[in-house]
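This report concerns only the one structure given below.
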Amino acid sequence: MSAPNKSFDPVEVSTLAPVYLDQQVTAALDAIANASDLDELKAVRLLHTGDRSPLALANREIGALPPAAKAEAGKRMGQARGAVNQALEVKTAELEAKRDEQILLTETVDVTAVSELSLRGSRHPLTTIQEQITDVFLALGYELAEGPEIEAEWFNFDALNIAPNHPARTMQDTFFVEHEDSGLVLRTHTSPVQIRSMLNRELPIYVVCPGRVFRTDELDATHSPVFHQVEALVIDKGITMADLKGTLDHFAQTMFGAGIVTRLRPSYFPFTEPSAEVDLQCFACRGASVDNPSAPCRTCRSEGWIEWGGCGMVNPKVLVACGIDPDVYTGFAFGMGLERTLMFRHGITDMRDMVEGDIRFTRAFGLGG
Amino acid sequence: MRVPVSWLRDYVALPNEMSGRDVAALLLSVGFEVEGVETVGDVRGQLVVGRVQSIEELTEFKKPIRWCQVEVGQALGAAETPGIRGIVCGARNFSEGDLVVVALSGTTLPGDFTIATRETYGHISDGMLCSARELGLGDDHSGIIILDAGSAEVGADAFPILGLGDEVLEVAVTPDRGYALSLRGIAREAAIAAGVEFADPADQLADLPVATGDALQAASSDKAACDLLVLRTLANFDPSAPTPGFIKSRLAAVGVRSISLAVDVTNYVMFELGQPLHAFDADKISGAITARRANAGETLETLDHVSRTLDPDDLVIADDSGALSLAGTMGGSSSEISDTTTRIVIEAAHFDSVVVARMSRRHKLSSESSRRFERGVDRMIPPVASARAAQLLIEHGGATYAGTTAVETAPDAELIAFDPQLTARISGHTYENENIANILRSLGCELNDADSTWQVKAPSWRPDLSSPIDLVEEVIRIDGYDKVPTSLPTAPNGRGLTDAQKLRRRVGVFLAGRGLVEVRNYPFMGENELNDLSIASDDVRRNTVKLANPLSDEQPLMRSTLLPGLVSAVNRNTSRGFSDVPLFEIASVSFAVASSSEVPRPSVLAKPNQDEIAKLQALVPNQPTHIGAVITGAIQTSGWWGSSPAATWRDAIEIVLALATELGIQVQVQPSDVAPWHPGRCALIKSGDVVIGLAGELSPRVTAATGLPTRSVAFEINLDELMALANTTPAAPQIWTYPVAKEDIALVVANDIAVADLLACITEAAGELLEDVKLFDIYTGSPIPEGHQSLAFALRFRSSDRTLSADEVASARTAAVLAASNKFGAVLRG
Ligand SMILES: [Zn+2]
């Protein structure tokens, strides 16, 4: 290294000559451009910008220049080193991107190889349909009413105008709790919840009651001794059969689609009068399959209507048994079988599928809700 | 109730073009569901009445064969033999001159069997002589049909004579409409629905001849149970007289077997008019015929050859010798009509519906007769029906009329005070008063509509019409339910689901989210299932509600635990080839209450008082809602990425703990040894003093007894208790942002120290700076002494208002270790 030039002698320093610097810069840029990976670039960086690099060595000579020449040389040096550093930066970024890309390539997996990792839990469709129906009526302002499955006969029969000698109260239909005069049965319908509601709730009453009920039928493809119903009960001033029909239509449309209507056929239930069977317009064919053999409908067996449930205006005798004045209040009630509803809604062909607890069946319905 | 359309047309002028399906639609519109429409005898072609002119016996064959010349009328005879057809026949029950039924060539019989002219037994047979079975008219194949002499013209169409081609409707009759269990009742409804004239068969009866002879005497000692008993006595009856064809074919169409003329006539009139009749052999009766209650210990052999011990509540028809029949339910053997009976007494009575219903139920005897009495029979029809039966026996059985006796209590003439405006109030539809009156009159009501409140007298055949609402229903029904408009009532502002109802949904979603699959099992179980679960005889789960009439004697109990159903469902799945089966159920269980000696039966004529309601409630067993789960195999899936271990006791317990956390409930876990769990792997889960439930691995004895895979796990918890404890509005936590300080400690303790206890101790001693503590390792083996284990805990400290100093953290850590050492002899491991 030259000694500091304090005498301001004009000294020629060959390594600071523009030509020399240009040569070094060119050499450095060539080397950078030729580096094929980050390791090579690291070596190039050391060779051309390290402490022992020609440019670094030349830089030290600036001090040897007379003050007047320092500025000029410093500027040249700065430009030279800047050019090299910038090229290095660009090349580094380029090679890093290339390297990263390479790594990602080696990490490629077969994304089609994924299958179920944890077993899928699910809820039973009989549970979720109860919730769906409940929600329809909650939205109308109804409340969810519940009652016990082992029920006093008085709630299940007497208060519903089913007298002690009514044919429905035989061992052929009803499970009795031992002993026969225990006064207890497995509820044969969800209607005792209506009685409990009328006895316990303030008027007016708007309730929906889904639940498990029991009849002494053997299990087969279309019957089960244990099944589910949903009932709705309304007791208010001025309630008419028109309200019953309108509510049924609303229910049908919410469950089965806009425009679906219901039809009432005269029937008999001890706890309602007038009483009716409720038919649902077929939501699959909307009646188009009737007398049309070229387009048969499996859902309604080409009848256009599906038997759905029973309904009626609450019998004044039932109101009286619950202490409600039939001259002031009227009401309606309706009920549907949920297994049946699920069967025609989802194309379930065998009641046993809903009973046996096969995981394949329930899993098909997911979390529901 | 099977209704032949041709019979219906006797009383209703239905348009000729109306098919069975049309009549079905008509009946449906007024509330009678028709479950099927059947055609009697599927015969197509020409079936005519023939007369056997001559019979030539052919004897050269293996069986005797007849070669017959049969007159079939000029128009239908063969070309070469005008008016005659030659027919080969294998039957032998006919003679020359008999009227027979001939199927001409080209006619197709049931079974798609077409008659052809063919050569057989050496002759050209040109048609066939038919038996009842060959025409689909029943099982009789003992010979060909022989028509009553003079009953038909030769060459006449045999279809109407045999009732062939008639359509029969299978009508479902609701239990309030006893009157519709007759052609008379259905015909009246059909006439109203069609808007045509109804000819009441009860009004079409000719007078009986003058009585000559001795009539049996009638009496009733229980006027409430039997308010009318009519006896008609007939003599000189020919017991060999055949039943006329029209009665036979109509009975066959309604599904009743022909037995003898006397019995067939009583059945025929019952279907025609709805009045059950009973025919006795008058010579087997001594003294008067009385309706009375049975004596205690009295016995009666009924027609089904069952000897029955009677109840003093039974109503019987009796003579001096004792009970003859169960009133309105079934006759007795001793007075049965036989093939030598010449004197007949016909009983037509009106019995109380409840009395018959109870008797029918008591003796498990449901007959055509009891079905009608239970549902209500026309109070005024017995004299008419018995006269009709007498006429038929006189006409077809050669009987003479000996006389009638009767005992009667006059019925109350009850009027219904009816405000016609009620119809609109119930239906939401307006009806003209004239329309209302017309409908009521068409049903047979008599009414006085002069005032705003009408006085209505219901017809005797409609005992179900007794209050204004009954009349309202009839008006809306006949006018048409489709006329009622639709509207939507406005409910008051609802409060939505209760907290408990919301939580129940959340629990189901939570468990399904953990990979469990919901099932809904039957609630029935048997002692055996409890035995298989090793449940002790004094366990509360043995305190079950038992059914009086279970479907299966194996399962007479209502479940007190959800586990038996879950076990069966898991086994069903494993038997179908699934090894990973995690099932849960949310359902109620029940525990018996001490049976009360007196069952409350409050009157239904007013609201029961609070005391009565309380007594009813006390009767009903406690039915808490449980959540149960049985898990076998893995909850995670195995695959090419590795295999997942089967769920263990830890999973069962952890799911319960996680559920409690989800519901904001602090719970504690205690080791327990309750069946069916493994005594060393059973956790009792409590919140304070409240027992939530049990979880863990099932004991090997239980898995062996139930057939579950070994190491299956289970839990069962009380959802009602969880709901009561749940915190539905948890307080938000304070989120401190000063740095966390982490410390790990490993404590060596004896094996019998429960981790939960140690954790509680550490948590308390470490003080308020402790943010969290977790067990992260359990180590046994050298250098840990025998009977001990090393438990490693990760502690996290944080302050709300400063960065903790090393000294503060160290002193909290030391306090925790010291407390564990003092309380449990824990030694800090190096
Ligand atoms: Zn359809």
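Going through the structure tokens in order, the chains are called A, B, and so on, while each chain numbers its residues from 1 and the ligands are numbered from 1 in the order shown.
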
Which residues sit within 7 Å of ligand 1, counting only C-alpha atoms and all ligand atoms, listed as a short mmCIF file (atom, residue, chain, number, x, y, z; two decimals) with N, CA, C and O atoms, in the first residue's frame?
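The new file part.cif reads:
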```cif
data_model
loop_
_atom_site.label_atom_id
_atom_site.label_comp_id
_atom_site.auth_asym_id
_atom_site.auth_seq_id
_atom_site.Cartn_x
_atom_site.Cartn_y
_atom_site.Cartn_z
N CYS A 282 -97.63 -34.14 -3.95
CA CYS A 282 -96.34 -34.78 -4.18
C CYS A 282 -95.33 -33.72 -4.62
O CYS A 282 -95.52 -33.05 -5.64
N PHE A 283 -94.24 -33.61 -3.83
CA PHE A 283 -93.24 -32.58 -4.13
C PHE A 283 -92.31 -33.03 -5.26
O PHE A 283 -91.60 -32.21 -5.83
N ALA A 284 -92.35 -34.34 -5.57
CA ALA A 284 -91.47 -34.84 -6.63
C ALA A 284 -92.08 -34.57 -8.00
O ALA A 284 -91.42 -34.04 -8.89
N CYS A 285 -93.35 -34.94 -8.18
CA CYS A 285 -93.95 -34.80 -9.52
C CYS A 285 -95.03 -33.72 -9.54
O CYS A 285 -95.50 -33.34 -10.61
N ARG A 286 -95.40 -33.23 -8.39
CA ARG A 286 -96.46 -32.21 -8.27
C ARG A 286 -97.73 -32.62 -9.01
O ARG A 286 -98.44 -31.79 -9.57
N GLY A 287 -97.97 -33.94 -9.02
CA GLY A 287 -99.21 -34.42 -9.61
C GLY A 287 -99.09 -34.76 -11.09
O GLY A 287 -100.03 -35.29 -11.67
N SER A 289 -97.64 -37.09 -12.48
CA SER A 289 -97.60 -38.52 -12.80
C SER A 289 -98.99 -39.15 -12.82
O SER A 289 -99.14 -40.29 -13.26
N CYS A 297 -94.32 -41.88 -10.89
CA CYS A 297 -93.63 -41.25 -9.77
C CYS A 297 -93.52 -42.25 -8.63
O CYS A 297 -94.52 -42.81 -8.19
N ARG A 298 -92.31 -42.48 -8.16
CA ARG A 298 -92.11 -43.44 -7.07
C ARG A 298 -92.51 -42.84 -5.73
O ARG A 298 -92.90 -43.54 -4.81
N THR A 299 -92.37 -41.52 -5.62
CA THR A 299 -92.63 -40.90 -4.32
C THR A 299 -94.10 -41.01 -3.93
O THR A 299 -94.42 -41.32 -2.79
N CYS A 300 -95.01 -40.76 -4.89
CA CYS A 300 -96.44 -40.77 -4.56
C CYS A 300 -97.15 -41.96 -5.21
O CYS A 300 -98.36 -42.04 -5.17
N ARG A 301 -96.40 -42.89 -5.79
CA ARG A 301 -96.96 -44.02 -6.53
C ARG A 301 -97.98 -43.50 -7.56
O ARG A 301 -99.06 -44.06 -7.73
N SER A 302 -97.62 -42.39 -8.16
CA SER A 302 -98.43 -41.78 -9.24
C SER A 302 -99.84 -41.44 -8.78
O SER A 302 -100.77 -41.41 -9.57
N GLU A 303 -99.98 -41.17 -7.49
CA GLU A 303 -101.29 -40.75 -7.00
C GLU A 303 -101.38 -39.22 -6.85
O GLU A 303 -102.45 -38.67 -6.65
N GLY A 304 -100.24 -38.55 -6.91
CA GLY A 304 -100.24 -37.10 -6.84
C GLY A 304 -100.24 -36.54 -5.43
O GLY A 304 -99.87 -35.41 -5.20
N TRP A 305 -100.70 -37.37 -4.51
CA TRP A 305 -100.77 -36.95 -3.10
C TRP A 305 -100.10 -38.01 -2.23
O TRP A 305 -100.10 -39.19 -2.56
#
```

Long-range neighbours of stretch 393-405 of chain B as an MDAnalysis selection string, 7 Å cut-off, only C-alpha atoms, 3 positions minimum in chain: chainID B and resid 209 211:218 230:238 241 262 389:390

7 Å contact set for B:Ala225, only C-alpha atoms, chain neighbours under 3 positions out, as a list in words: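 My list of contacting residues is Asp222, Phe351, Asp352 and Val355 of chain B.
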
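Residue nearest A:Gly366, chosen from B:Val509, B:Leu440, B:Ile778, B:Val656 and counting only C-alpha atoms: B:Val509.
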
Point-to-point distance in Å for atom CA of B:Ala756 and atom CA of B:Thr661: 15.8 Å

Distance in Å - atom CA of B:Cys761 versus atom CA of B:Leu795: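 For atom CA of B:Cys761 relative to atom CA of B:Leu795, the distance reads 13.1 Å.
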
A:Asp158, A:Thr108, A:Thr222, A:Arg76 ranked by distance to A:Ile348, top pick (using only C-alpha atoms):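 So, comparing all the options, the nearest one is A:Thr222.
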
When you look at stretch 612-622 of chain B with a cut-off of 9 Å (counting only C-alpha atoms), what residues show up, excluding the ones that are within fewer than 5 positions of it in the same chain? I need them as a compact mmCIF listing (two decimals) with N, CA, C and O atoms, in the first residue's frame.
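And here is the file that came out, selection_6.txt:
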```txt
# COMPACT_ATOMS: atom_id res chain seq x y z
N PRO A 148 -93.06 -36.68 28.95
CA PRO A 148 -92.43 -37.98 29.17
C PRO A 148 -92.95 -39.06 28.21
O PRO A 148 -94.09 -38.99 27.75
N ILE A 150 -92.98 -42.42 29.07
CA ILE A 150 -93.84 -43.25 29.91
C ILE A 150 -94.82 -42.28 30.56
O ILE A 150 -94.41 -41.39 31.30
N GLU A 151 -96.09 -42.42 30.23
CA GLU A 151 -97.04 -41.35 30.51
C GLU A 151 -98.25 -41.89 31.26
O GLU A 151 -98.62 -43.06 31.11
N ALA A 152 -98.85 -41.04 32.04
CA ALA A 152 -100.09 -41.42 32.72
C ALA A 152 -101.19 -41.60 31.67
O ALA A 152 -101.33 -40.79 30.75
N TRP A 154 -104.14 -41.02 31.91
CA TRP A 154 -105.06 -39.89 31.92
C TRP A 154 -104.66 -38.84 30.89
O TRP A 154 -105.49 -38.30 30.18
N PHE A 155 -103.35 -38.58 30.80
CA PHE A 155 -102.86 -37.61 29.81
C PHE A 155 -102.93 -38.18 28.39
O PHE A 155 -103.19 -37.47 27.43
N SER A 182 -101.87 -50.00 36.34
CA SER A 182 -100.87 -49.07 36.86
C SER A 182 -101.23 -47.63 36.51
O SER A 182 -100.71 -46.70 37.12
N GLY A 183 -102.12 -47.46 35.53
CA GLY A 183 -102.45 -46.10 35.10
C GLY A 183 -101.38 -45.51 34.21
O GLY A 183 -101.42 -44.32 33.91
N LEU A 184 -100.41 -46.34 33.77
CA LEU A 184 -99.30 -45.84 32.95
C LEU A 184 -99.23 -46.60 31.64
O LEU A 184 -99.45 -47.81 31.59
N LEU A 199 -102.60 -27.53 30.38
CA LEU A 199 -102.73 -27.43 31.83
C LEU A 199 -101.70 -26.47 32.41
O LEU A 199 -101.94 -25.83 33.43
N VAL B 545 -88.89 -50.01 35.03
CA VAL B 545 -90.31 -50.03 34.69
C VAL B 545 -90.54 -51.23 33.79
O VAL B 545 -89.80 -51.44 32.83
N VAL B 589 -84.09 -42.43 29.97
CA VAL B 589 -84.16 -43.73 30.63
C VAL B 589 -85.21 -43.58 31.73
O VAL B 589 -85.72 -42.49 31.97
N SER B 590 -85.56 -44.68 32.37
CA SER B 590 -86.59 -44.56 33.40
C SER B 590 -86.27 -45.41 34.61
O SER B 590 -85.57 -46.42 34.50
N PHE B 591 -86.77 -44.97 35.73
CA PHE B 591 -86.64 -45.72 36.97
C PHE B 591 -88.02 -45.79 37.60
O PHE B 591 -88.75 -44.80 37.64
N ALA B 592 -88.38 -46.99 38.06
CA ALA B 592 -89.72 -47.20 38.59
C ALA B 592 -89.93 -46.36 39.85
O ALA B 592 -89.01 -46.14 40.62
N VAL B 593 -91.17 -45.89 40.00
CA VAL B 593 -91.55 -45.28 41.27
C VAL B 593 -92.36 -46.32 42.03
O VAL B 593 -92.98 -47.19 41.43
N ALA B 594 -92.34 -46.23 43.34
CA ALA B 594 -93.13 -47.16 44.13
C ALA B 594 -94.57 -47.06 43.66
O ALA B 594 -95.13 -45.97 43.57
N SER B 595 -95.17 -48.20 43.29
CA SER B 595 -96.49 -48.14 42.69
C SER B 595 -97.51 -47.70 43.74
O SER B 595 -97.50 -48.17 44.87
N SER B 596 -98.33 -46.78 43.32
CA SER B 596 -99.32 -46.26 44.27
C SER B 596 -100.53 -47.17 44.23
O SER B 596 -100.87 -47.74 43.20
N VAL B 599 -104.81 -45.32 41.55
CA VAL B 599 -104.49 -44.57 40.35
C VAL B 599 -105.47 -43.41 40.21
O VAL B 599 -106.68 -43.62 40.15
N PRO B 600 -104.97 -42.19 40.17
CA PRO B 600 -105.90 -41.06 40.05
C PRO B 600 -106.54 -41.03 38.66
O PRO B 600 -105.87 -41.24 37.66
N ARG B 601 -107.83 -40.86 38.62
CA ARG B 601 -108.53 -40.72 37.33
C ARG B 601 -109.46 -39.51 37.43
O ARG B 601 -110.67 -39.67 37.58
N PRO B 602 -108.89 -38.32 37.34
CA PRO B 602 -109.73 -37.13 37.48
C PRO B 602 -110.82 -37.11 36.41
O PRO B 602 -110.65 -37.64 35.32
```

Nearest to chain B, chosen from A:Tyr20, A:Phe137, A:Phe176, A:Phe271, with only C-alpha atoms counted in the distances: A:Phe176

Spatial neighbours of B:Arg92, max dist 9 Å, only C-alpha atoms, sep filter under 6 positions, as a list of chain:residue names: B:Pro64, B:Ile65, B:Arg66, B:Gly143, B:Ile144

Keeping C-alpha atoms for every residue in the selection just given, could you write it to a file as an mmCIF file, in the first residue's frame?
```cif
data_model
loop_
_atom_site.group_PDB
_atom_site.id
_atom_site.type_symbol
_atom_site.label_atom_id
_atom_site.label_comp_id
_atom_site.auth_asym_id
_atom_site.auth_seq_id
_atom_site.Cartn_x
_atom_site.Cartn_y
_atom_site.Cartn_z
ATOM 1 C CA PRO B 64 -116.209 -91.222 -15.848
ATOM 2 C CA ILE B 65 -116.925 -88.506 -18.390
ATOM 3 C CA ARG B 66 -120.222 -87.044 -19.546
ATOM 4 C CA GLY B 143 -119.075 -79.772 -8.963
ATOM 5 C CA ILE B 144 -120.402 -77.343 -11.499
#
```

Non-local contacts of stretch 235-239 of chain A (10 Å; only C-alpha atoms; under 5 positions in same chain excluded) as a PyMOL selection string: (chain A and resi 198+203-207+244+313-314+319+324+326-333) or (chain B and resi 425-428+487-491)

Kindly export the residues of the current selection with N, CA and C atoms, as a PDB file, in the first residue's frame.
```pdb
ATOM      1  N   MET A 198    -101.697 -27.449  27.777  1.00  0.00           N
ATOM      2  CA  MET A 198    -102.914 -26.694  28.103  1.00  0.00           C
ATOM      3  C   MET A 198    -103.067 -26.523  29.613  1.00  0.00           C
ATOM      4  N   LEU A 203    -102.538 -19.003  28.255  1.00  0.00           N
ATOM      5  CA  LEU A 203    -103.160 -18.821  26.946  1.00  0.00           C
ATOM      6  C   LEU A 203    -102.702 -17.492  26.356  1.00  0.00           C
ATOM      7  N   PRO A 204    -102.624 -17.318  25.063  1.00  0.00           N
ATOM      8  CA  PRO A 204    -102.822 -18.349  24.044  1.00  0.00           C
ATOM      9  C   PRO A 204    -101.652 -19.327  23.998  1.00  0.00           C
ATOM     10  N   ILE A 205    -101.889 -20.479  23.383  1.00  0.00           N
ATOM     11  CA  ILE A 205    -100.847 -21.504  23.299  1.00  0.00           C
ATOM     12  C   ILE A 205    -100.505 -21.748  21.840  1.00  0.00           C
ATOM     13  N   TYR A 206     -99.230 -21.670  21.550  1.00  0.00           N
ATOM     14  CA  TYR A 206     -98.719 -22.048  20.219  1.00  0.00           C
ATOM     15  C   TYR A 206     -97.501 -22.925  20.478  1.00  0.00           C
ATOM     16  N   VAL A 207     -97.665 -24.223  20.372  1.00  0.00           N
ATOM     17  CA  VAL A 207     -96.531 -25.113  20.665  1.00  0.00           C
ATOM     18  C   VAL A 207     -96.358 -26.153  19.563  1.00  0.00           C
ATOM     19  N   LEU A 244    -105.916 -23.622  10.409  1.00  0.00           N
ATOM     20  CA  LEU A 244    -105.288 -24.942  10.353  1.00  0.00           C
ATOM     21  C   LEU A 244    -104.762 -25.212   8.944  1.00  0.00           C
ATOM     22  N   MET A 313    -109.788 -29.631  14.510  1.00  0.00           N
ATOM     23  CA  MET A 313    -110.035 -28.577  15.489  1.00  0.00           C
ATOM     24  C   MET A 313    -110.167 -29.240  16.857  1.00  0.00           C
ATOM     25  N   VAL A 314    -109.503 -28.694  17.850  1.00  0.00           N
ATOM     26  CA  VAL A 314    -109.481 -29.327  19.158  1.00  0.00           C
ATOM     27  C   VAL A 314    -110.915 -29.506  19.662  1.00  0.00           C
ATOM     28  N   LEU A 319    -110.829 -29.275  25.532  1.00  0.00           N
ATOM     29  CA  LEU A 319    -110.616 -27.950  26.126  1.00  0.00           C
ATOM     30  C   LEU A 319    -111.181 -27.915  27.543  1.00  0.00           C
ATOM     31  N   ILE A 324    -110.231 -24.929  29.777  1.00  0.00           N
ATOM     32  CA  ILE A 324    -110.291 -23.830  28.810  1.00  0.00           C
ATOM     33  C   ILE A 324    -111.726 -23.700  28.307  1.00  0.00           C
ATOM     34  N   PRO A 326    -114.504 -23.364  25.927  1.00  0.00           N
ATOM     35  CA  PRO A 326    -114.637 -23.501  24.461  1.00  0.00           C
ATOM     36  C   PRO A 326    -115.512 -22.425  23.836  1.00  0.00           C
ATOM     37  N   ASP A 327    -116.237 -21.676  24.652  1.00  0.00           N
ATOM     38  CA  ASP A 327    -117.028 -20.583  24.086  1.00  0.00           C
ATOM     39  C   ASP A 327    -116.147 -19.366  23.812  1.00  0.00           C
ATOM     40  N   VAL A 328    -114.970 -19.337  24.407  1.00  0.00           N
ATOM     41  CA  VAL A 328    -114.057 -18.207  24.221  1.00  0.00           C
ATOM     42  C   VAL A 328    -112.906 -18.596  23.302  1.00  0.00           C
ATOM     43  N   TYR A 329    -112.367 -19.784  23.532  1.00  0.00           N
ATOM     44  CA  TYR A 329    -111.182 -20.218  22.786  1.00  0.00           C
ATOM     45  C   TYR A 329    -111.522 -21.365  21.839  1.00  0.00           C
ATOM     46  N   THR A 330    -110.856 -21.378  20.711  1.00  0.00           N
ATOM     47  CA  THR A 330    -110.882 -22.534  19.818  1.00  0.00           C
ATOM     48  C   THR A 330    -109.419 -22.865  19.500  1.00  0.00           C
ATOM     49  N   GLY A 331    -109.226 -24.004  18.893  1.00  0.00           N
ATOM     50  CA  GLY A 331    -107.848 -24.368  18.600  1.00  0.00           C
ATOM     51  C   GLY A 331    -107.768 -25.441  17.549  1.00  0.00           C
ATOM     52  N   PHE A 332    -106.550 -25.628  17.038  1.00  0.00           N
ATOM     53  CA  PHE A 332    -106.336 -26.737  16.119  1.00  0.00           C
ATOM     54  C   PHE A 332    -105.110 -27.525  16.535  1.00  0.00           C
ATOM     55  N   ALA A 333    -105.017 -28.742  16.050  1.00  0.00           N
ATOM     56  CA  ALA A 333    -103.849 -29.584  16.299  1.00  0.00           C
ATOM     57  C   ALA A 333    -103.612 -30.410  15.050  1.00  0.00           C
TER      58      ALA A 333
ATOM     59  N   ARG B 425    -117.759 -20.126  12.948  1.00  0.00           N
ATOM     60  CA  ARG B 425    -116.768 -19.835  13.974  1.00  0.00           C
ATOM     61  C   ARG B 425    -115.669 -20.914  13.988  1.00  0.00           C
ATOM     62  N   ILE B 426    -116.058 -22.153  13.701  1.00  0.00           N
ATOM     63  CA  ILE B 426    -115.087 -23.245  13.710  1.00  0.00           C
ATOM     64  C   ILE B 426    -114.353 -23.335  12.377  1.00  0.00           C
ATOM     65  N   SER B 427    -115.084 -23.136  11.267  1.00  0.00           N
ATOM     66  CA  SER B 427    -114.474 -23.405   9.958  1.00  0.00           C
ATOM     67  C   SER B 427    -113.729 -22.206   9.384  1.00  0.00           C
ATOM     68  N   GLY B 428    -114.155 -21.003   9.732  1.00  0.00           N
ATOM     69  CA  GLY B 428    -113.585 -19.833   9.063  1.00  0.00           C
ATOM     70  C   GLY B 428    -114.216 -19.601   7.704  1.00  0.00           C
ATOM     71  N   SER B 487    -105.759 -19.390   6.005  1.00  0.00           N
ATOM     72  CA  SER B 487    -105.214 -18.172   6.612  1.00  0.00           C
ATOM     73  C   SER B 487    -104.128 -18.617   7.575  1.00  0.00           C
ATOM     74  N   LEU B 488    -103.304 -17.684   7.994  1.00  0.00           N
ATOM     75  CA  LEU B 488    -102.222 -18.029   8.932  1.00  0.00           C
ATOM     76  C   LEU B 488    -102.429 -17.227  10.208  1.00  0.00           C
ATOM     77  N   PRO B 489    -102.609 -17.911  11.346  1.00  0.00           N
ATOM     78  CA  PRO B 489    -102.839 -17.151  12.573  1.00  0.00           C
ATOM     79  C   PRO B 489    -101.562 -16.452  13.026  1.00  0.00           C
ATOM     80  N   THR B 490    -101.721 -15.393  13.778  1.00  0.00           N
ATOM     81  CA  THR B 490    -100.563 -14.660  14.273  1.00  0.00           C
ATOM     82  C   THR B 490    -100.282 -15.069  15.710  1.00  0.00           C
ATOM     83  N   ALA B 491     -99.165 -15.750  15.893  1.00  0.00           N
ATOM     84  CA  ALA B 491     -98.784 -16.173  17.233  1.00  0.00           C
ATOM     85  C   ALA B 491     -98.188 -14.993  17.981  1.00  0.00           C
TER      86      ALA B 491
END
```

Pick from A:Ile260, A:Ala27, A:Val193, A:Ala87 nearest to A:Glu231, counting only C-alpha atoms: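 So, comparing all the options, the nearest one is A:Val193.
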